[in-house]
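What follows is the content of target28.json, which has JSON, N, CA and C atoms and all ligand atoms:
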```json
[["chain", "number", "residue", "atom", "x", "y", "z"],
["A", 29, "MET", "N", -109.38, 4.59, -32.17],
["A", 29, "MET", "CA", -109.82, 5.52, -31.12],
["A", 29, "MET", "C", -110.80, 6.52, -31.71],
["A", 30, "THR", "N", -111.85, 6.79, -30.99],
["A", 30, "THR", "CA", -112.85, 7.74, -31.45],
["A", 30, "THR", "C", -112.36, 9.17, -31.23],
["A", 31, "LYS", "N", -112.43, 9.94, -32.29],
["A", 31, "LYS", "CA", -112.09, 11.35, -32.17],
["A", 31, "LYS", "C", -113.18, 12.19, -32.80],
["A", 32, "VAL", "N", -113.29, 13.41, -32.31],
["A", 32, "VAL", "CA", -114.26, 14.33, -32.89],
["A", 32, "VAL", "C", -113.51, 15.52, -33.48],
["A", 33, "HIS", "N", -114.09, 16.09, -34.52],
["A", 33, "HIS", "CA", -113.46, 17.21, -35.19],
["A", 33, "HIS", "C", -114.03, 18.52, -34.64],
["A", 34, "CYS", "N", -113.14, 19.40, -34.23],
["A", 34, "CYS", "CA", -113.58, 20.70, -33.74],
["A", 34, "CYS", "C", -113.63, 21.69, -34.89],
["A", 35, "ALA", "N", -114.81, 22.28, -35.09],
["A", 35, "ALA", "CA", -114.97, 23.25, -36.16],
["A", 35, "ALA", "C", -114.29, 24.57, -35.81],
["A", 36, "GLY", "N", -114.04, 24.78, -34.53],
["A", 36, "GLY", "CA", -113.47, 26.05, -34.08],
["A", 36, "GLY", "C", -112.00, 26.18, -34.42],
["A", 37, "CYS", "N", -111.21, 25.14, -34.12],
["A", 37, "CYS", "CA", -109.76, 25.23, -34.33],
["A", 37, "CYS", "C", -109.26, 24.18, -35.31],
["A", 38, "GLY", "N", -110.15, 23.29, -35.76],
["A", 38, "GLY", "CA", -109.77, 22.33, -36.78],
["A", 38, "GLY", "C", -109.02, 21.12, -36.26],
["A", 39, "ARG", "N", -108.88, 21.01, -34.95],
["A", 39, "ARG", "CA", -108.18, 19.86, -34.39],
["A", 39, "ARG", "C", -109.10, 18.65, -34.32],
["A", 40, "ASP", "N", -108.49, 17.48, -34.33],
["A", 40, "ASP", "CA", -109.21, 16.26, -34.00],
["A", 40, "ASP", "C", -108.93, 15.96, -32.53],
["A", 41, "ILE", "N", -109.98, 15.81, -31.76],
["A", 41, "ILE", "CA", -109.85, 15.70, -30.32],
["A", 41, "ILE", "C", -110.35, 14.34, -29.86],
["A", 42, "ALA", "N", -109.57, 13.68, -29.03],
["A", 42, "ALA", "CA", -110.02, 12.40, -28.47],
["A", 42, "ALA", "C", -111.12, 12.65, -27.45],
["A", 43, "MET", "N", -112.00, 11.67, -27.32],
["A", 43, "MET", "CA", -113.16, 11.84, -26.44],
["A", 43, "MET", "C", -112.74, 12.20, -25.02],
["A", 44, "HIS", "N", -111.67, 11.59, -24.52],
["A", 44, "HIS", "CA", -111.27, 11.82, -23.13],
["A", 44, "HIS", "C", -110.63, 13.19, -22.94],
["A", 45, "GLU", "N", -110.34, 13.86, -24.05],
["A", 45, "GLU", "CA", -109.74, 15.19, -23.95],
["A", 45, "GLU", "C", -110.80, 16.29, -23.91],
["A", 46, "LEU", "N", -112.01, 15.95, -24.29],
["A", 46, "LEU", "CA", -113.08, 16.95, -24.30],
["A", 46, "LEU", "C", -113.42, 17.39, -22.88],
["A", 47, "GLU", "N", -113.82, 18.64, -22.77],
["A", 47, "GLU", "CA", -114.32, 19.14, -21.49],
["A", 47, "GLU", "C", -115.82, 18.86, -21.42],
["A", 48, "ALA", "N", -116.22, 18.07, -20.46],
["A", 48, "ALA", "CA", -117.63, 17.75, -20.31],
["A", 48, "ALA", "C", -118.28, 18.74, -19.34],
["A", 49, "LYS", "N", -119.48, 19.13, -19.69],
["A", 49, "LYS", "CA", -120.20, 20.09, -18.86],
["A", 49, "LYS", "C", -121.65, 19.65, -18.79],
["A", 50, "THR", "N", -122.13, 19.40, -17.60],
["A", 50, "THR", "CA", -123.53, 18.98, -17.44],
["A", 50, "THR", "C", -124.39, 20.18, -17.10],
["A", 51, "VAL", "N", -125.42, 20.37, -17.87],
["A", 51, "VAL", "CA", -126.31, 21.51, -17.66],
["A", 51, "VAL", "C", -127.72, 21.01, -17.36],
["A", 52, "ALA", "N", -128.40, 21.75, -16.50],
["A", 52, "ALA", "CA", -129.78, 21.41, -16.14],
["A", 52, "ALA", "C", -130.75, 21.99, -17.16],
["A", 53, "ARG", "N", -131.70, 21.18, -17.55],
["A", 53, "ARG", "CA", -132.75, 21.64, -18.46],
["A", 53, "ARG", "C", -134.10, 21.29, -17.85],
["A", 54, "SER", "N", -135.13, 21.85, -18.42],
["A", 54, "SER", "CA", -136.47, 21.57, -17.91],
["A", 54, "SER", "C", -136.82, 20.09, -18.08],
["A", 55, "SER", "N", -136.24, 19.48, -19.09],
["A", 55, "SER", "CA", -136.52, 18.08, -19.37],
["A", 55, "SER", "C", -135.55, 17.14, -18.66],
["A", 56, "GLY", "N", -134.60, 17.71, -17.93],
["A", 56, "GLY", "CA", -133.62, 16.87, -17.25],
["A", 56, "GLY", "C", -132.22, 17.43, -17.41],
["A", 57, "PHE", "N", -131.23, 16.55, -17.39],
["A", 57, "PHE", "CA", -129.85, 16.99, -17.52],
["A", 57, "PHE", "C", -129.32, 16.66, -18.91],
["A", 58, "ASP", "N", -128.45, 17.53, -19.37],
["A", 58, "ASP", "CA", -127.87, 17.35, -20.68],
["A", 58, "ASP", "C", -126.37, 17.55, -20.56],
["A", 59, "THR", "N", -125.61, 16.67, -21.14],
["A", 59, "THR", "CA", -124.15, 16.80, -21.09],
["A", 59, "THR", "C", -123.65, 17.41, -22.38],
["A", 60, "ARG", "N", -122.96, 18.52, -22.25],
["A", 60, "ARG", "CA", -122.38, 19.19, -23.41],
["A", 60, "ARG", "C", -120.86, 19.02, -23.36],
["A", 61, "TYR", "N", -120.24, 19.13, -24.52],
["A", 61, "TYR", "CA", -118.79, 18.98, -24.58],
["A", 61, "TYR", "C", -118.17, 20.20, -25.23],
["A", 62, "ARG", "N", -116.98, 20.53, -24.74],
["A", 62, "ARG", "CA", -116.26, 21.66, -25.31],
["A", 62, "ARG", "C", -114.84, 21.25, -25.66],
["A", 63, "CYS", "N", -114.32, 21.94, -26.68],
["A", 63, "CYS", "CA", -112.94, 21.73, -27.08],
["A", 63, "CYS", "C", -112.00, 22.27, -26.00],
["A", 64, "PRO", "N", -111.01, 21.48, -25.56],
["A", 64, "PRO", "CA", -110.09, 21.95, -24.54],
["A", 64, "PRO", "C", -109.09, 22.98, -25.05],
["A", 65, "PHE", "N", -108.99, 23.12, -26.36],
["A", 65, "PHE", "CA", -108.01, 24.03, -26.95],
["A", 65, "PHE", "C", -108.58, 25.42, -27.19],
["A", 66, "CYS", "N", -109.78, 25.50, -27.81],
["A", 66, "CYS", "CA", -110.35, 26.79, -28.15],
["A", 66, "CYS", "C", -111.69, 27.02, -27.44],
["A", 67, "HIS", "N", -112.15, 26.02, -26.68],
["A", 67, "HIS", "CA", -113.37, 26.13, -25.88],
["A", 67, "HIS", "C", -114.62, 26.34, -26.73],
["A", 68, "GLU", "N", -114.53, 25.89, -27.95],
["A", 68, "GLU", "CA", -115.71, 25.90, -28.81],
["A", 68, "GLU", "C", -116.63, 24.74, -28.41],
["A", 69, "ASP", "N", -117.92, 24.96, -28.46],
["A", 69, "ASP", "CA", -118.84, 23.87, -28.19],
["A", 69, "ASP", "C", -118.73, 22.82, -29.28],
["A", 70, "VAL", "N", -118.68, 21.57, -28.88],
["A", 70, "VAL", "CA", -118.66, 20.47, -29.84],
["A", 70, "VAL", "C", -120.00, 19.77, -29.76],
["A", 71, "ASN", "N", -120.82, 19.98, -30.75],
["A", 71, "ASN", "CA", -122.22, 19.57, -30.68],
["A", 71, "ASN", "C", -122.50, 18.22, -31.32],
["A", 72, "ASP", "N", -121.56, 17.68, -32.03],
["A", 72, "ASP", "CA", -121.85, 16.45, -32.78],
["A", 72, "ASP", "C", -121.18, 15.23, -32.16],
["A", 73, "VAL", "N", -120.97, 15.28, -30.85],
["A", 73, "VAL", "CA", -120.32, 14.16, -30.19],
["A", 73, "VAL", "C", -121.15, 12.90, -30.27],
["A", 74, "ALA", "N", -122.45, 13.03, -30.04],
["A", 74, "ALA", "CA", -123.33, 11.86, -30.07],
["A", 74, "ALA", "C", -123.31, 11.20, -31.44],
["A", 75, "ASP", "N", -123.31, 12.01, -32.48],
["A", 75, "ASP", "CA", -123.28, 11.45, -33.82],
["A", 75, "ASP", "C", -121.98, 10.69, -34.07],
["A", 76, "ASN", "N", -120.89, 11.23, -33.58],
["A", 76, "ASN", "CA", -119.61, 10.60, -33.80],
["A", 76, "ASN", "C", -119.44, 9.33, -33.00],
["A", 77, "LEU", "N", -120.22, 9.18, -31.94],
["A", 77, "LEU", "CA", -120.13, 7.99, -31.12],
["A", 77, "LEU", "C", -120.94, 6.84, -31.70],
["A", 78, "ALA", "N", -121.85, 7.16, -32.60],
["A", 78, "ALA", "CA", -122.73, 6.13, -33.15],
["A", 78, "ALA", "C", -121.95, 5.14, -34.01],
["B", 101, "ZN", "ZN", -111.19, 23.65, -30.89]]
```

Can you turn what I pasted into structure tokens?
Amino acid sequence: MTKVHCAGCGRDIAMHELEAKTVARSSGFDTRYRCPFCHEDVNDVADNLA
């Protein structure tokens, strides 16, 4: 199972546990993810999915 490491609280979080947030940008839409425990932004999700 793919998990990402949260730098905020040190937990390993499963992808389906992340809070997804879609934000509008000038270039289109961007999906950001946040830790459900400490609400820290998780910025390296794409890298971890590779
Ligand atoms: Zn966290």

Neighbourhood of ligand ZN 101 (chain B) at 9 Å, counting only C-alpha atoms and all ligand atoms, reported as a PDB file with N, CA and C atoms, keeping the file's coordinate frame:
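Saved the output as part08.pdb:
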```pdb
ATOM      1  N   HIS A  33    -114.090  16.090 -34.520  1.00  0.00           N
ATOM      2  CA  HIS A  33    -113.460  17.210 -35.190  1.00  0.00           C
ATOM      3  C   HIS A  33    -114.030  18.520 -34.640  1.00  0.00           C
ATOM      4  N   CYS A  34    -113.140  19.400 -34.230  1.00  0.00           N
ATOM      5  CA  CYS A  34    -113.580  20.700 -33.740  1.00  0.00           C
ATOM      6  C   CYS A  34    -113.630  21.690 -34.890  1.00  0.00           C
ATOM      7  N   ALA A  35    -114.810  22.280 -35.090  1.00  0.00           N
ATOM      8  CA  ALA A  35    -114.970  23.250 -36.160  1.00  0.00           C
ATOM      9  C   ALA A  35    -114.290  24.570 -35.810  1.00  0.00           C
ATOM     10  N   GLY A  36    -114.040  24.780 -34.530  1.00  0.00           N
ATOM     11  CA  GLY A  36    -113.470  26.050 -34.080  1.00  0.00           C
ATOM     12  C   GLY A  36    -112.000  26.180 -34.420  1.00  0.00           C
ATOM     13  N   CYS A  37    -111.210  25.140 -34.120  1.00  0.00           N
ATOM     14  CA  CYS A  37    -109.760  25.230 -34.330  1.00  0.00           C
ATOM     15  C   CYS A  37    -109.260  24.180 -35.310  1.00  0.00           C
ATOM     16  N   GLY A  38    -110.150  23.290 -35.760  1.00  0.00           N
ATOM     17  CA  GLY A  38    -109.770  22.330 -36.780  1.00  0.00           C
ATOM     18  C   GLY A  38    -109.020  21.120 -36.260  1.00  0.00           C
ATOM     19  N   ARG A  39    -108.880  21.010 -34.950  1.00  0.00           N
ATOM     20  CA  ARG A  39    -108.180  19.860 -34.390  1.00  0.00           C
ATOM     21  C   ARG A  39    -109.100  18.650 -34.320  1.00  0.00           C
ATOM     22  N   ASP A  40    -108.490  17.480 -34.330  1.00  0.00           N
ATOM     23  CA  ASP A  40    -109.210  16.260 -34.000  1.00  0.00           C
ATOM     24  C   ASP A  40    -108.930  15.960 -32.530  1.00  0.00           C
ATOM     25  N   ILE A  41    -109.980  15.810 -31.760  1.00  0.00           N
ATOM     26  CA  ILE A  41    -109.850  15.700 -30.320  1.00  0.00           C
ATOM     27  C   ILE A  41    -110.350  14.340 -29.860  1.00  0.00           C
ATOM     28  N   ARG A  62    -116.980  20.530 -24.740  1.00  0.00           N
ATOM     29  CA  ARG A  62    -116.260  21.660 -25.310  1.00  0.00           C
ATOM     30  C   ARG A  62    -114.840  21.250 -25.660  1.00  0.00           C
ATOM     31  N   CYS A  63    -114.320  21.940 -26.680  1.00  0.00           N
ATOM     32  CA  CYS A  63    -112.940  21.730 -27.080  1.00  0.00           C
ATOM     33  C   CYS A  63    -112.000  22.270 -26.000  1.00  0.00           C
ATOM     34  N   PRO A  64    -111.010  21.480 -25.560  1.00  0.00           N
ATOM     35  CA  PRO A  64    -110.090  21.950 -24.540  1.00  0.00           C
ATOM     36  C   PRO A  64    -109.090  22.980 -25.050  1.00  0.00           C
ATOM     37  N   PHE A  65    -108.990  23.120 -26.360  1.00  0.00           N
ATOM     38  CA  PHE A  65    -108.010  24.030 -26.950  1.00  0.00           C
ATOM     39  C   PHE A  65    -108.580  25.420 -27.190  1.00  0.00           C
ATOM     40  N   CYS A  66    -109.780  25.500 -27.810  1.00  0.00           N
ATOM     41  CA  CYS A  66    -110.350  26.790 -28.150  1.00  0.00           C
ATOM     42  C   CYS A  66    -111.690  27.020 -27.440  1.00  0.00           C
ATOM     43  N   HIS A  67    -112.150  26.020 -26.680  1.00  0.00           N
ATOM     44  CA  HIS A  67    -113.370  26.130 -25.880  1.00  0.00           C
ATOM     45  C   HIS A  67    -114.620  26.340 -26.730  1.00  0.00           C
ATOM     46  N   GLU A  68    -114.530  25.890 -27.950  1.00  0.00           N
ATOM     47  CA  GLU A  68    -115.710  25.900 -28.810  1.00  0.00           C
ATOM     48  C   GLU A  68    -116.630  24.740 -28.410  1.00  0.00           C
ATOM     49  N   ASP A  69    -117.920  24.960 -28.460  1.00  0.00           N
ATOM     50  CA  ASP A  69    -118.840  23.870 -28.190  1.00  0.00           C
ATOM     51  C   ASP A  69    -118.730  22.820 -29.280  1.00  0.00           C
ATOM     52  N   VAL A  70    -118.680  21.570 -28.880  1.00  0.00           N
ATOM     53  CA  VAL A  70    -118.660  20.470 -29.840  1.00  0.00           C
ATOM     54  C   VAL A  70    -120.000  19.770 -29.760  1.00  0.00           C
TER      55      VAL A  70
END
```

Checklist entry - Among chain A, which residues carry a DSSP assignment of alpha helix (DSSP H), reported as a list in words? => result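 DSSP on the backbone gives alpha helix (DSSP H) at Val73, Ala74, Asp75, Asn76 and Leu77 of chain A.
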
Checklist entry - Could you state the separation of atom N of Met29 (chain A) and CA of Lys49 (chain A) in Å, given to one decimal place? => result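 It comes out at 23.1 Å.
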
Checklist entry - What is the distance, in Å and to one decimal place, between CA of Ala42 (chain A) and CA of Ser55 (chain A)? => result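 Going from CA of Ala42 (chain A) over to CA of Ser55 (chain A), I get 28.6 Å.
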
Next on the checklist: When DSSP is applied to the backbone of this structure, which of chain A are assigned strand (DSSP E)? Write them out as a list in words.
Outcome noted: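 Filtering chain A to strand (DSSP E) leaves Lys31, Val32, His33, Asp40, Ile41, Ala42, Glu47, Ala48, Lys49, Thr50, Val51, Ala52, Arg53, Gly56, Phe57, Asp58, Thr59, Arg60, Tyr61, Arg62, Asp69 and Val70 of chain A.
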
Item to check | Length of the CA of Phe57 (chain A) to CA of Glu45 (chain A) vector [Å] | outcome: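 Separation of CA of Phe57 (chain A) and CA of Glu45 (chain A): 21.2 Å.
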
Point (-114.3, 13.1, -29.4), cut-off 7 Å, counting only C-alpha atoms, residues as a PDB file with N, CA and C atoms, in the frame of the given file:
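In the end it all went to selection-v5.pdb:
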```
ATOM      1  N   THR A  30    -111.850   6.790 -30.990  1.00  0.00           N
ATOM      2  CA  THR A  30    -112.850   7.740 -31.450  1.00  0.00           C
ATOM      3  C   THR A  30    -112.360   9.170 -31.230  1.00  0.00           C
ATOM      4  N   LYS A  31    -112.430   9.940 -32.290  1.00  0.00           N
ATOM      5  CA  LYS A  31    -112.090  11.350 -32.170  1.00  0.00           C
ATOM      6  C   LYS A  31    -113.180  12.190 -32.800  1.00  0.00           C
ATOM      7  N   VAL A  32    -113.290  13.410 -32.310  1.00  0.00           N
ATOM      8  CA  VAL A  32    -114.260  14.330 -32.890  1.00  0.00           C
ATOM      9  C   VAL A  32    -113.510  15.520 -33.480  1.00  0.00           C
ATOM     10  N   ILE A  41    -109.980  15.810 -31.760  1.00  0.00           N
ATOM     11  CA  ILE A  41    -109.850  15.700 -30.320  1.00  0.00           C
ATOM     12  C   ILE A  41    -110.350  14.340 -29.860  1.00  0.00           C
ATOM     13  N   ALA A  42    -109.570  13.680 -29.030  1.00  0.00           N
ATOM     14  CA  ALA A  42    -110.020  12.400 -28.470  1.00  0.00           C
ATOM     15  C   ALA A  42    -111.120  12.650 -27.450  1.00  0.00           C
ATOM     16  N   MET A  43    -112.000  11.670 -27.320  1.00  0.00           N
ATOM     17  CA  MET A  43    -113.160  11.840 -26.440  1.00  0.00           C
ATOM     18  C   MET A  43    -112.740  12.200 -25.020  1.00  0.00           C
ATOM     19  N   LEU A  46    -112.010  15.950 -24.290  1.00  0.00           N
ATOM     20  CA  LEU A  46    -113.080  16.950 -24.300  1.00  0.00           C
ATOM     21  C   LEU A  46    -113.420  17.390 -22.880  1.00  0.00           C
ATOM     22  N   VAL A  73    -120.970  15.280 -30.850  1.00  0.00           N
ATOM     23  CA  VAL A  73    -120.320  14.160 -30.190  1.00  0.00           C
ATOM     24  C   VAL A  73    -121.150  12.900 -30.270  1.00  0.00           C
TER      25      VAL A  73
END
```
